[in-house]
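Engineer: Below is a structure I'd like to ask you about.
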Amino acid sequence: MDKRERMHELAEELNKYAYEYYVLNNPSVSDKEYDRKYDELLDLEKEAGHVLPYSPTQRVGDVILPEFNKYTHKAPLWSLDKGQNLKELIEWDKRNKKLIEEYNNNADKKLPNPCYVITKKFDGLTLNCTYDENGVLIKAATRGTGIIGEDITAQAKTIKTLPLKIDHHNVIEIHGEAIMTKKAFEEYNKNSEVPLKNLRNGAAGALRNLNVKETAKRNLSAFFYDIGYNEGENFQTYMEMLQFIKEKGFYVDPYIKLCSTIEEIEKEIQYVESIRFDLDYDIDGIVIAINDIRTREILGYTVKFPKWAIAYKFEAQEATTKLLDVEWNVGRSGRVTPTAILEPVELAGVTVKRATLNNMDDIKRKNVRLGAEVFVRRSNDVIPEIMGVAEESLKVSEEIFPPEKCPYCGSELIQEGVHYFCENTLSCKPQMVKSIVHFASREAMNIEGFSEKTAEQLFEKLEIKSISDLYRIRKEQLLTLEKFGDKKAQNLLNSLEKSKNCELASFIYALGIPNVGIKTAKDLVKRFKNLDRIKAATFEELISVQDIGDIVAKSIIEFFHQEKIISSINELLCLGVNPSYKEIEIKENPFEGKTVVVTGSLKGYSRNEIKEKLESLGAKVSGSVSKKTDYVVVGEEAGSKYDKAKELNIPILNEEEFEAILQ
């Protein structure tokens, strides 16, 4: 085999491996094997002085282009008409049906009633990718005017979900959307002197950067959804087209729905809006398109838009407003964190007045200043985050300084890395109150009738300065508190007494070890069986526990090496707290050792109950569906996890089937 043949063979293999890794999420070779073949191809290319147009070595982007060249698309890239309420969708649907009816009244070959394909509307930058008769990517371009775009082939080749060669032998143009994931965005901003302001700008800026190495650093992804030009066989339906795109190795989003009525479309709108902020990328709506291609051809186009498709736009998830002040809050661990106080602004259906700032390092990197106009982003259901600053507003802004003393107790703050801490754990109210609330929570010691207001009163009026003080409270003391009568006081005392006999995992979680949640607490107990062995566990022993890595292991070791912590634990034990572990004997069952995902709402179980039930059967309960998932248990209104399970052919059980297996 000569060098050219071997280069071709290696390029084909490596592209196949990349498809398995980045698109299917199911690699068939190790990273070491991939790197070995990649290095071999690189050496051969240097020796031959030639690089194949579909070689994966081109994805590195080690080139600076002199300018952007224009590219005329083989077929127009249309914009979509937009609707922002159900009334506009109803009118659009009526127009479609009227035009179809008018056509059918005068035609022998009738058009079917409209059936709509629903897909997500990605918030990125449109890509038009041209493949020649050999299936080789020869051009990638921006949308531009829809007729003429800019040649960004070198930049697009850095996108690992974009095939460089496909098994197809006719010239074709495939449309996609280049996006930047939240994970890639965060990774890039960690090391960037000038942080990106949002995901869309991150993607657009990467593809319009003449320094292709900079494009590669942003680790873009892309979804593909349409064919604009095709010299091959025509498609009968849009679903058939999407299947073709997927079969050729392009990444197609698994969320695709067929709807026949406005009511069905409305349900999908509600569903997609409900998952919008949980996605690892931005969407700004859904696209509704007629499935039948012949119907599309009959309906045609307006001057700007196809009549057969429309985009339903969600409310904006980013807004600009003024930073009025910074409030410093103290958490359970003593960490002092900044929160931005904003001029109220409407964002994604809510009025936003506060946003997270993470830490001083984050403030400096983003150049956030008092009085500046800031970009606020709501990425999920938690507090929004400030992503950047409008440069022109900095002229009338003021620098933000961290406090020197705790804003609650006045103690001197210490700095550890990028964070500031108040070490006054005994008399700093926010720390103590949050520690008490956490200790009493349901998954911890499960002390019923406990609230944050109760914790505040215990701290302020009864001078509860440690967790162990809870078990020294007397009834006459509780009766002095606001809204505490005889019955409420006795109930709290009974609940405190009952909590002494607790499960060891709940006790470990209640201690508030940094980075240790209830699942990790259960894993620790399952491995070490008793408190003394957990306290004495070595680093090597800890990282041998499934899902415990270096950071969590170090947190556990550091926690149990503090004299104050050991003293507090011993005090709790002396007061009668008796954490115990009873190893459950798992009877042989189909779920033992299996990975199970639960989605949707079940009639006979709450989310915690089904999780506990599965764990008692020896199953590992996961939050996401992958090739490693053994079963997916689905309830009512199951969402994208159900769709992913169908796509991966993973066994799906409804509640009745789940119960039947257990009998």
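Residue numbering restarts at 1 for every chain of the structure tokens, chains are lettered A, B, ... in their displayed order, and ligands are numbered from 1 as they appear.
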Find the spatial neighbours of range 53-57 of chain A, counting only C-alpha atoms, within a cut-off of 6 Å - ignore same-chain residues fewer than 5 positions away - and output them as a PyMOL selection string.
Structural biologist: chain A and resi 11+164-165
Engineer: Can you pull out the residues contacting range 438-454 of chain A? Cut-off 7 Å, using only C-alpha atoms, and skip same-chain residues under 5 positions away; I want them as a list of chain:residue names.
Structural biologist: A:Val433, A:Leu492, A:Ser495, A:Leu496, A:Ser499, A:Cys502, A:Ser506, A:Phe507, A:Tyr509, A:Ala510, A:Leu511
Engineer: Those residues with N, CA and C atoms, as an mmCIF file, in the first residue's frame please?
Structural biologist:
```
data_model
loop_
_atom_site.group_PDB
_atom_site.id
_atom_site.type_symbol
_atom_site.label_atom_id
_atom_site.label_comp_id
_atom_site.auth_asym_id
_atom_site.auth_seq_id
_atom_site.Cartn_x
_atom_site.Cartn_y
_atom_site.Cartn_z
ATOM 1 N N VAL A 433 -27.325 29.689 61.106
ATOM 2 C CA VAL A 433 -28.719 29.436 60.734
ATOM 3 C C VAL A 433 -28.784 28.437 59.581
ATOM 4 N N LEU A 492 -41.541 19.697 68.594
ATOM 5 C CA LEU A 492 -40.153 19.894 68.183
ATOM 6 C C LEU A 492 -39.208 19.069 69.046
ATOM 7 N N SER A 495 -39.439 15.510 67.993
ATOM 8 C CA SER A 495 -38.772 15.319 66.710
ATOM 9 C C SER A 495 -37.257 15.284 66.886
ATOM 10 N N LEU A 496 -36.741 16.130 67.778
ATOM 11 C CA LEU A 496 -35.305 16.133 68.073
ATOM 12 C C LEU A 496 -34.888 14.798 68.688
ATOM 13 N N SER A 499 -34.862 12.050 66.103
ATOM 14 C CA SER A 499 -33.775 12.164 65.125
ATOM 15 C C SER A 499 -32.474 11.533 65.605
ATOM 16 N N CYS A 502 -30.747 7.667 63.862
ATOM 17 C CA CYS A 502 -30.759 8.026 62.438
ATOM 18 C C CYS A 502 -29.895 7.072 61.626
ATOM 19 N N SER A 506 -27.575 9.600 56.473
ATOM 20 C CA SER A 506 -28.244 10.870 56.769
ATOM 21 C C SER A 506 -27.380 11.724 57.697
ATOM 22 N N PHE A 507 -26.739 11.077 58.663
ATOM 23 C CA PHE A 507 -25.868 11.798 59.601
ATOM 24 C C PHE A 507 -24.662 12.389 58.873
ATOM 25 N N TYR A 509 -24.441 13.193 55.737
ATOM 26 C CA TYR A 509 -24.927 14.311 54.920
ATOM 27 C C TYR A 509 -25.219 15.527 55.794
ATOM 28 N N ALA A 510 -25.795 15.297 56.974
ATOM 29 C CA ALA A 510 -26.164 16.384 57.886
ATOM 30 C C ALA A 510 -24.952 17.173 58.376
ATOM 31 N N LEU A 511 -23.783 16.521 58.430
ATOM 32 C CA LEU A 511 -22.573 17.197 58.916
ATOM 33 C C LEU A 511 -22.141 18.345 58.007
#
```
Engineer: Can you list, as a ChimeraX atom specification, every protein, DNA or RNA residue that comes within 6 Å of range 172-188 of chain A when you count only C-alpha atoms, leaving out same-chain residues fewer than 3 positions away?
Structural biologist: /A:124-131,191,199,203,220-230,280-281
Engineer: How would you write, as a PyMOL selection string, the set of residues in range 76-240 of chain A that DSSP gives as strand (DSSP E or B)?
Structural biologist: chain A and resi 81-83+116-122+125-131+136-142+148-151+165+172-179+211+221-230+237
Engineer: Please write the residues from the selection above to a file, keeping C-alpha atoms, as a PDB file, in the first residue's frame.
Structural biologist:
```
ATOM      1  CA  ASP A  81     -41.574  34.275   9.319  1.00  0.00           C
ATOM      2  CA  LYS A  82     -42.042  34.603  13.073  1.00  0.00           C
ATOM      3  CA  GLY A  83     -44.960  34.140  15.435  1.00  0.00           C
ATOM      4  CA  TYR A 116     -46.221  19.677  10.834  1.00  0.00           C
ATOM      5  CA  VAL A 117     -42.697  18.741  11.912  1.00  0.00           C
ATOM      6  CA  ILE A 118     -41.594  20.494  15.103  1.00  0.00           C
ATOM      7  CA  THR A 119     -37.887  21.070  15.799  1.00  0.00           C
ATOM      8  CA  LYS A 120     -35.931  23.355  18.117  1.00  0.00           C
ATOM      9  CA  LYS A 121     -34.845  26.751  16.828  1.00  0.00           C
ATOM     10  CA  PHE A 122     -31.143  26.924  17.669  1.00  0.00           C
ATOM     11  CA  LEU A 125     -24.976  30.942  13.296  1.00  0.00           C
ATOM     12  CA  THR A 126     -26.350  29.347  10.116  1.00  0.00           C
ATOM     13  CA  LEU A 127     -23.961  27.112   8.151  1.00  0.00           C
ATOM     14  CA  ASN A 128     -24.401  26.115   4.517  1.00  0.00           C
ATOM     15  CA  CYS A 129     -22.153  23.127   3.755  1.00  0.00           C
ATOM     16  CA  THR A 130     -21.535  22.038   0.162  1.00  0.00           C
ATOM     17  CA  TYR A 131     -20.391  18.502  -0.695  1.00  0.00           C
ATOM     18  CA  VAL A 136     -16.145  15.692   0.122  1.00  0.00           C
ATOM     19  CA  LEU A 137     -16.886  18.938   1.960  1.00  0.00           C
ATOM     20  CA  ILE A 138     -15.719  21.625  -0.464  1.00  0.00           C
ATOM     21  CA  LYS A 139     -17.323  24.720   1.014  1.00  0.00           C
ATOM     22  CA  ALA A 140     -18.909  26.001   4.225  1.00  0.00           C
ATOM     23  CA  ALA A 141     -20.463  29.459   4.179  1.00  0.00           C
ATOM     24  CA  THR A 142     -22.476  31.823   6.348  1.00  0.00           C
ATOM     25  CA  ILE A 148     -24.327  35.353  -1.065  1.00  0.00           C
ATOM     26  CA  GLY A 149     -22.503  34.382   2.101  1.00  0.00           C
ATOM     27  CA  GLU A 150     -18.911  34.350   3.346  1.00  0.00           C
ATOM     28  CA  ASP A 151     -16.577  31.408   2.854  1.00  0.00           C
ATOM     29  CA  LYS A 165     -16.638  13.427   3.856  1.00  0.00           C
ATOM     30  CA  ILE A 172     -25.619  18.685  -2.160  1.00  0.00           C
ATOM     31  CA  GLU A 173     -25.926  21.670   0.229  1.00  0.00           C
ATOM     32  CA  ILE A 174     -26.817  20.864   3.835  1.00  0.00           C
ATOM     33  CA  HIS A 175     -27.868  23.535   6.308  1.00  0.00           C
ATOM     34  CA  GLY A 176     -26.970  23.511   9.975  1.00  0.00           C
ATOM     35  CA  GLU A 177     -26.569  25.794  12.955  1.00  0.00           C
ATOM     36  CA  ALA A 178     -23.153  26.269  14.552  1.00  0.00           C
ATOM     37  CA  ILE A 179     -23.506  26.636  18.303  1.00  0.00           C
ATOM     38  CA  ASN A 211      -7.317  33.285  12.955  1.00  0.00           C
ATOM     39  CA  SER A 221     -20.676  22.118  17.803  1.00  0.00           C
ATOM     40  CA  ALA A 222     -23.375  22.051  15.124  1.00  0.00           C
ATOM     41  CA  PHE A 223     -26.863  20.659  14.512  1.00  0.00           C
ATOM     42  CA  PHE A 224     -28.069  19.919  10.971  1.00  0.00           C
ATOM     43  CA  TYR A 225     -31.674  20.128   9.831  1.00  0.00           C
ATOM     44  CA  ASP A 226     -32.227  20.918   6.129  1.00  0.00           C
ATOM     45  CA  ILE A 227     -31.080  20.348   2.535  1.00  0.00           C
ATOM     46  CA  GLY A 228     -31.258  23.450   0.367  1.00  0.00           C
ATOM     47  CA  TYR A 229     -29.798  22.070  -2.848  1.00  0.00           C
ATOM     48  CA  ASN A 230     -29.720  18.474  -4.046  1.00  0.00           C
ATOM     49  CA  THR A 237     -41.279  14.299   3.183  1.00  0.00           C
TER      50      THR A 237
END
```
Engineer: Measuring atom to atom with only C-alpha atoms, identify which of A:Asn85, A:Ser640, A:Ala289, A:Lys395 is nearest to Cys259 in chain A.
Structural biologist: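 Result for the nearest residue to Cys259 in chain A: A:Ala289.
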Engineer: Mind checking DSSP for range 206-446 of chain A and telling me the helix (DSSP H, G or I) residues as a VMD selection string?
Structural biologist: chain A and resid 206 to 207 212 to 217 238 to 247 262 to 278 293 to 299 360 to 365 391 to 396 429 to 440
Engineer: I need the chosen residues saved as an mmCIF file, in the first residue's frame, with C-alpha atoms.
Structural biologist:
```cif
data_model
loop_
_atom_site.group_PDB
_atom_site.id
_atom_site.type_symbol
_atom_site.label_atom_id
_atom_site.label_comp_id
_atom_site.auth_asym_id
_atom_site.auth_seq_id
_atom_site.Cartn_x
_atom_site.Cartn_y
_atom_site.Cartn_z
ATOM 1 C CA ALA A 206 -15.425 32.077 16.225
ATOM 2 C CA LEU A 207 -16.647 31.489 12.665
ATOM 3 C CA VAL A 212 -8.658 29.731 12.607
ATOM 4 C CA LYS A 213 -6.648 28.577 15.626
ATOM 5 C CA GLU A 214 -8.821 30.888 17.744
ATOM 6 C CA THR A 215 -11.918 29.303 16.199
ATOM 7 C CA ALA A 216 -10.661 25.838 17.191
ATOM 8 C CA LYS A 217 -10.175 26.983 20.812
ATOM 9 C CA TYR A 238 -39.243 16.409 5.579
ATOM 10 C CA MET A 239 -38.983 13.421 7.959
ATOM 11 C CA GLU A 240 -37.387 11.435 5.128
ATOM 12 C CA MET A 241 -34.923 14.314 4.562
ATOM 13 C CA LEU A 242 -33.991 14.447 8.255
ATOM 14 C CA GLN A 243 -33.424 10.693 8.286
ATOM 15 C CA PHE A 244 -31.151 11.031 5.242
ATOM 16 C CA ILE A 245 -29.136 13.803 6.963
ATOM 17 C CA LYS A 246 -28.745 11.622 10.051
ATOM 18 C CA GLU A 247 -27.736 8.538 8.040
ATOM 19 C CA ILE A 262 -52.652 23.500 16.865
ATOM 20 C CA GLU A 263 -53.436 21.847 20.213
ATOM 21 C CA GLU A 264 -50.603 19.371 19.667
ATOM 22 C CA ILE A 265 -48.262 22.191 18.632
ATOM 23 C CA GLU A 266 -49.190 24.169 21.762
ATOM 24 C CA LYS A 267 -48.331 21.156 23.926
ATOM 25 C CA GLU A 268 -44.912 20.894 22.268
ATOM 26 C CA ILE A 269 -44.289 24.628 22.770
ATOM 27 C CA GLN A 270 -44.982 24.189 26.487
ATOM 28 C CA TYR A 271 -42.697 21.155 26.669
ATOM 29 C CA VAL A 272 -39.758 22.778 24.865
ATOM 30 C CA GLU A 273 -40.118 25.937 26.987
ATOM 31 C CA SER A 274 -40.028 23.763 30.121
ATOM 32 C CA ILE A 275 -36.672 22.179 29.155
ATOM 33 C CA ARG A 276 -35.190 25.277 27.511
ATOM 34 C CA PHE A 277 -32.949 26.296 30.371
ATOM 35 C CA ASP A 278 -31.828 22.745 31.143
ATOM 36 C CA ILE A 293 -42.512 18.278 0.254
ATOM 37 C CA ARG A 294 -45.036 18.506 -2.618
ATOM 38 C CA THR A 295 -47.297 20.659 -0.412
ATOM 39 C CA ARG A 296 -44.321 22.933 0.245
ATOM 40 C CA GLU A 297 -43.754 23.335 -3.488
ATOM 41 C CA ILE A 298 -47.429 24.237 -4.091
ATOM 42 C CA LEU A 299 -47.597 26.723 -1.209
ATOM 43 C CA MET A 360 -14.043 38.830 42.745
ATOM 44 C CA ASP A 361 -12.037 37.024 40.089
ATOM 45 C CA ASP A 362 -15.203 36.769 37.988
ATOM 46 C CA ILE A 363 -15.961 40.468 38.563
ATOM 47 C CA LYS A 364 -12.477 41.507 37.400
ATOM 48 C CA ARG A 365 -12.422 39.225 34.348
ATOM 49 C CA GLU A 391 -18.104 49.007 27.108
ATOM 50 C CA GLU A 392 -19.518 52.500 26.496
ATOM 51 C CA SER A 393 -21.089 52.546 29.993
ATOM 52 C CA LEU A 394 -17.745 52.085 31.803
ATOM 53 C CA LYS A 395 -16.915 55.804 31.609
ATOM 54 C CA VAL A 396 -19.455 56.583 34.336
ATOM 55 C CA LYS A 429 -25.737 34.335 62.101
ATOM 56 C CA PRO A 430 -26.049 33.327 58.404
ATOM 57 C CA GLN A 431 -23.534 30.498 58.819
ATOM 58 C CA MET A 432 -25.125 29.097 61.945
ATOM 59 C CA VAL A 433 -28.719 29.436 60.734
ATOM 60 C CA LYS A 434 -27.973 27.739 57.410
ATOM 61 C CA SER A 435 -26.018 24.968 59.167
ATOM 62 C CA ILE A 436 -28.945 24.301 61.537
ATOM 63 C CA VAL A 437 -31.471 24.271 58.674
ATOM 64 C CA HIS A 438 -29.285 21.876 56.673
ATOM 65 C CA PHE A 439 -28.762 19.587 59.690
ATOM 66 C CA ALA A 440 -32.524 19.418 60.297
#
```
Engineer: Just want the 12 Å neighbourhood of Glu541 in chain A, counted on only C-alpha atoms, with same-chain residues fewer than 6 positions away dropped. Output as a list in words.
Structural biologist: Leu524, Arg527, Phe528, Arg533, Ile534, Lys535, Ile548, Gly549, Asp550, Ala553, Lys554, Ile556 and Ile557 of chain A
Engineer: Take the residues from that selection and write them out as a PDB file, in the first residue's frame, keeping N, CA and C atoms.
Structural biologist:
```pdb
ATOM      1  N   LEU A 524     -20.457   6.420  50.536  1.00  0.00           N
ATOM      2  CA  LEU A 524     -19.432   6.280  51.581  1.00  0.00           C
ATOM      3  C   LEU A 524     -19.829   5.216  52.601  1.00  0.00           C
ATOM      4  N   ARG A 527     -19.653   1.682  51.356  1.00  0.00           N
ATOM      5  CA  ARG A 527     -18.266   1.188  51.220  1.00  0.00           C
ATOM      6  C   ARG A 527     -17.612   0.935  52.581  1.00  0.00           C
ATOM      7  N   PHE A 528     -17.801   1.878  53.554  1.00  0.00           N
ATOM      8  CA  PHE A 528     -17.029   1.807  54.804  1.00  0.00           C
ATOM      9  C   PHE A 528     -17.815   1.277  56.009  1.00  0.00           C
ATOM     10  N   ARG A 533     -14.620   4.248  60.344  1.00  0.00           N
ATOM     11  CA  ARG A 533     -13.884   3.895  59.123  1.00  0.00           C
ATOM     12  C   ARG A 533     -13.956   5.032  58.095  1.00  0.00           C
ATOM     13  N   ILE A 534     -15.076   5.734  58.062  1.00  0.00           N
ATOM     14  CA  ILE A 534     -15.182   6.886  57.151  1.00  0.00           C
ATOM     15  C   ILE A 534     -14.211   7.980  57.595  1.00  0.00           C
ATOM     16  N   LYS A 535     -14.163   8.246  58.903  1.00  0.00           N
ATOM     17  CA  LYS A 535     -13.264   9.277  59.442  1.00  0.00           C
ATOM     18  C   LYS A 535     -11.797   8.961  59.157  1.00  0.00           C
ATOM     19  N   ILE A 548     -16.516   9.133  43.352  1.00  0.00           N
ATOM     20  CA  ILE A 548     -15.754  10.037  44.220  1.00  0.00           C
ATOM     21  C   ILE A 548     -14.402  10.289  43.557  1.00  0.00           C
ATOM     22  N   GLY A 549     -14.149  11.559  43.251  1.00  0.00           N
ATOM     23  CA  GLY A 549     -12.896  11.941  42.614  1.00  0.00           C
ATOM     24  C   GLY A 549     -11.953  12.618  43.585  1.00  0.00           C
ATOM     25  N   ASP A 550     -10.885  13.199  43.052  1.00  0.00           N
ATOM     26  CA  ASP A 550      -9.839  13.809  43.884  1.00  0.00           C
ATOM     27  C   ASP A 550     -10.383  14.918  44.784  1.00  0.00           C
ATOM     28  N   ALA A 553     -12.632  13.615  47.602  1.00  0.00           N
ATOM     29  CA  ALA A 553     -11.796  12.862  48.555  1.00  0.00           C
ATOM     30  C   ALA A 553     -11.011  13.815  49.459  1.00  0.00           C
ATOM     31  N   LYS A 554     -10.423  14.850  48.877  1.00  0.00           N
ATOM     32  CA  LYS A 554      -9.659  15.830  49.669  1.00  0.00           C
ATOM     33  C   LYS A 554     -10.565  16.568  50.653  1.00  0.00           C
ATOM     34  N   ILE A 556     -13.278  15.461  52.095  1.00  0.00           N
ATOM     35  CA  ILE A 556     -13.627  14.550  53.199  1.00  0.00           C
ATOM     36  C   ILE A 556     -12.460  14.434  54.180  1.00  0.00           C
ATOM     37  N   ILE A 557     -11.264  14.264  53.652  1.00  0.00           N
ATOM     38  CA  ILE A 557     -10.079  14.129  54.518  1.00  0.00           C
ATOM     39  C   ILE A 557      -9.849  15.406  55.327  1.00  0.00           C
TER      40      ILE A 557
END
```
Engineer: Skip range 489-491 of chain A itself and residues of its chain fewer than 5 positions away, then list as a list in words all residues within 10 Å of it, counting only C-alpha atoms.
Structural biologist: Ile447, Glu448, Gly449, Arg474, Lys475, Glu476, Gln477, Leu478, Leu479, Thr480, Leu481, Lys483, Phe484, Leu496 and Glu497 of chain A
Engineer: Looking at A:Ile467, A:Arg95, A:Asn501, A:Phe68, which one is nearest to Ile565 in chain A, with distances taken over only C-alpha atoms?
Structural biologist: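 Using only C-alpha atoms, the shortest distance to Ile565 in chain A belongs to A:Ile467.
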Engineer: I'd like the contact shell of Ile508 in chain A - 12 Å cut-off, only C-alpha atoms, skipping same-chain residues fewer than 3 positions apart - returned as a VMD selection string.
Structural biologist: chain A and resid 438 to 439 443 to 445 502 to 505 511 to 525 529 to 532 534 to 535 556 559 to 560 569 578 to 581
Engineer: Write the residues of the preceding selection, restricted to C-alpha atoms, as a tab-separated table (two decimals), in the first residue's frame.
Structural biologist:
```
chain	number	residue	atom	x	y	z
A	438	HIS	CA	-29.29	21.88	56.67
A	439	PHE	CA	-28.76	19.59	59.69
A	443	GLU	CA	-32.61	14.05	53.80
A	444	ALA	CA	-30.36	14.83	56.77
A	445	MET	CA	-31.66	14.37	60.37
A	502	CYS	CA	-30.76	8.03	62.44
A	503	GLU	CA	-29.25	6.34	59.43
A	504	LEU	CA	-25.50	6.81	59.12
A	505	ALA	CA	-25.80	8.20	55.56
A	511	LEU	CA	-22.57	17.20	58.92
A	512	GLY	CA	-22.27	19.42	55.84
A	513	ILE	CA	-19.00	18.09	54.43
A	514	PRO	CA	-18.07	20.29	51.44
A	515	ASN	CA	-18.91	18.62	48.08
A	516	VAL	CA	-20.69	15.70	49.77
A	517	GLY	CA	-24.37	15.36	48.86
A	518	ILE	CA	-26.78	12.65	49.95
A	519	LYS	CA	-25.75	10.27	47.16
A	520	THR	CA	-22.05	10.54	48.05
A	521	ALA	CA	-22.94	10.05	51.72
A	522	LYS	CA	-24.78	6.82	50.82
A	523	ASP	CA	-21.84	5.65	48.69
A	524	LEU	CA	-19.43	6.28	51.58
A	525	VAL	CA	-21.57	4.35	54.04
A	529	LYS	CA	-20.03	0.60	56.90
A	530	ASN	CA	-19.36	2.74	60.01
A	531	LEU	CA	-18.45	6.27	61.09
A	532	ASP	CA	-14.97	5.47	62.42
A	534	ILE	CA	-15.18	6.89	57.15
A	535	LYS	CA	-13.26	9.28	59.44
A	556	ILE	CA	-13.63	14.55	53.20
A	559	PHE	CA	-13.11	17.86	57.07
A	560	PHE	CA	-12.32	14.97	59.42
A	569	ILE	CA	-19.21	14.84	66.39
A	578	ASN	CA	-26.82	7.15	67.33
A	579	PRO	CA	-26.13	6.91	63.59
A	580	SER	CA	-26.38	3.32	62.39
A	581	TYR	CA	-26.02	1.36	59.19
```
Engineer: Show which residues sit within 8 Å of Tyr642 in chain A, as number ranges by chain. Count only C-alpha atoms, and ignore same-chain residues fewer than 3 positions away.
Structural biologist: A: 599, 632, 634, 638-639, 645-646, 652
Engineer: Please write the residues from the selection above to a file, keeping C-alpha atoms, as an mmCIF file, in the first residue's frame.
Structural biologist:
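Written file, out30.cif:
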```
data_model
loop_
_atom_site.group_PDB
_atom_site.id
_atom_site.type_symbol
_atom_site.label_atom_id
_atom_site.label_comp_id
_atom_site.auth_asym_id
_atom_site.auth_seq_id
_atom_site.Cartn_x
_atom_site.Cartn_y
_atom_site.Cartn_z
ATOM 1 C CA THR A 599 -38.489 10.238 33.741
ATOM 2 C CA VAL A 632 -35.688 3.772 31.463
ATOM 3 C CA VAL A 634 -41.321 6.329 32.272
ATOM 4 C CA ALA A 638 -42.048 11.828 29.953
ATOM 5 C CA GLY A 639 -39.738 14.157 28.055
ATOM 6 C CA ALA A 645 -34.074 5.984 25.135
ATOM 7 C CA LYS A 646 -36.118 5.185 22.002
ATOM 8 C CA ILE A 652 -38.483 1.269 28.317
#
```
Engineer: Of the residues A:Val51, A:Ala340, A:Ile290, A:Ile166, which is the one nearest to Asn113 in chain A, using only C-alpha atoms?
Structural biologist: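 Between A:Val51, A:Ala340, A:Ile290, A:Ile166, the residue approaching Asn113 in chain A most closely is A:Ile290.
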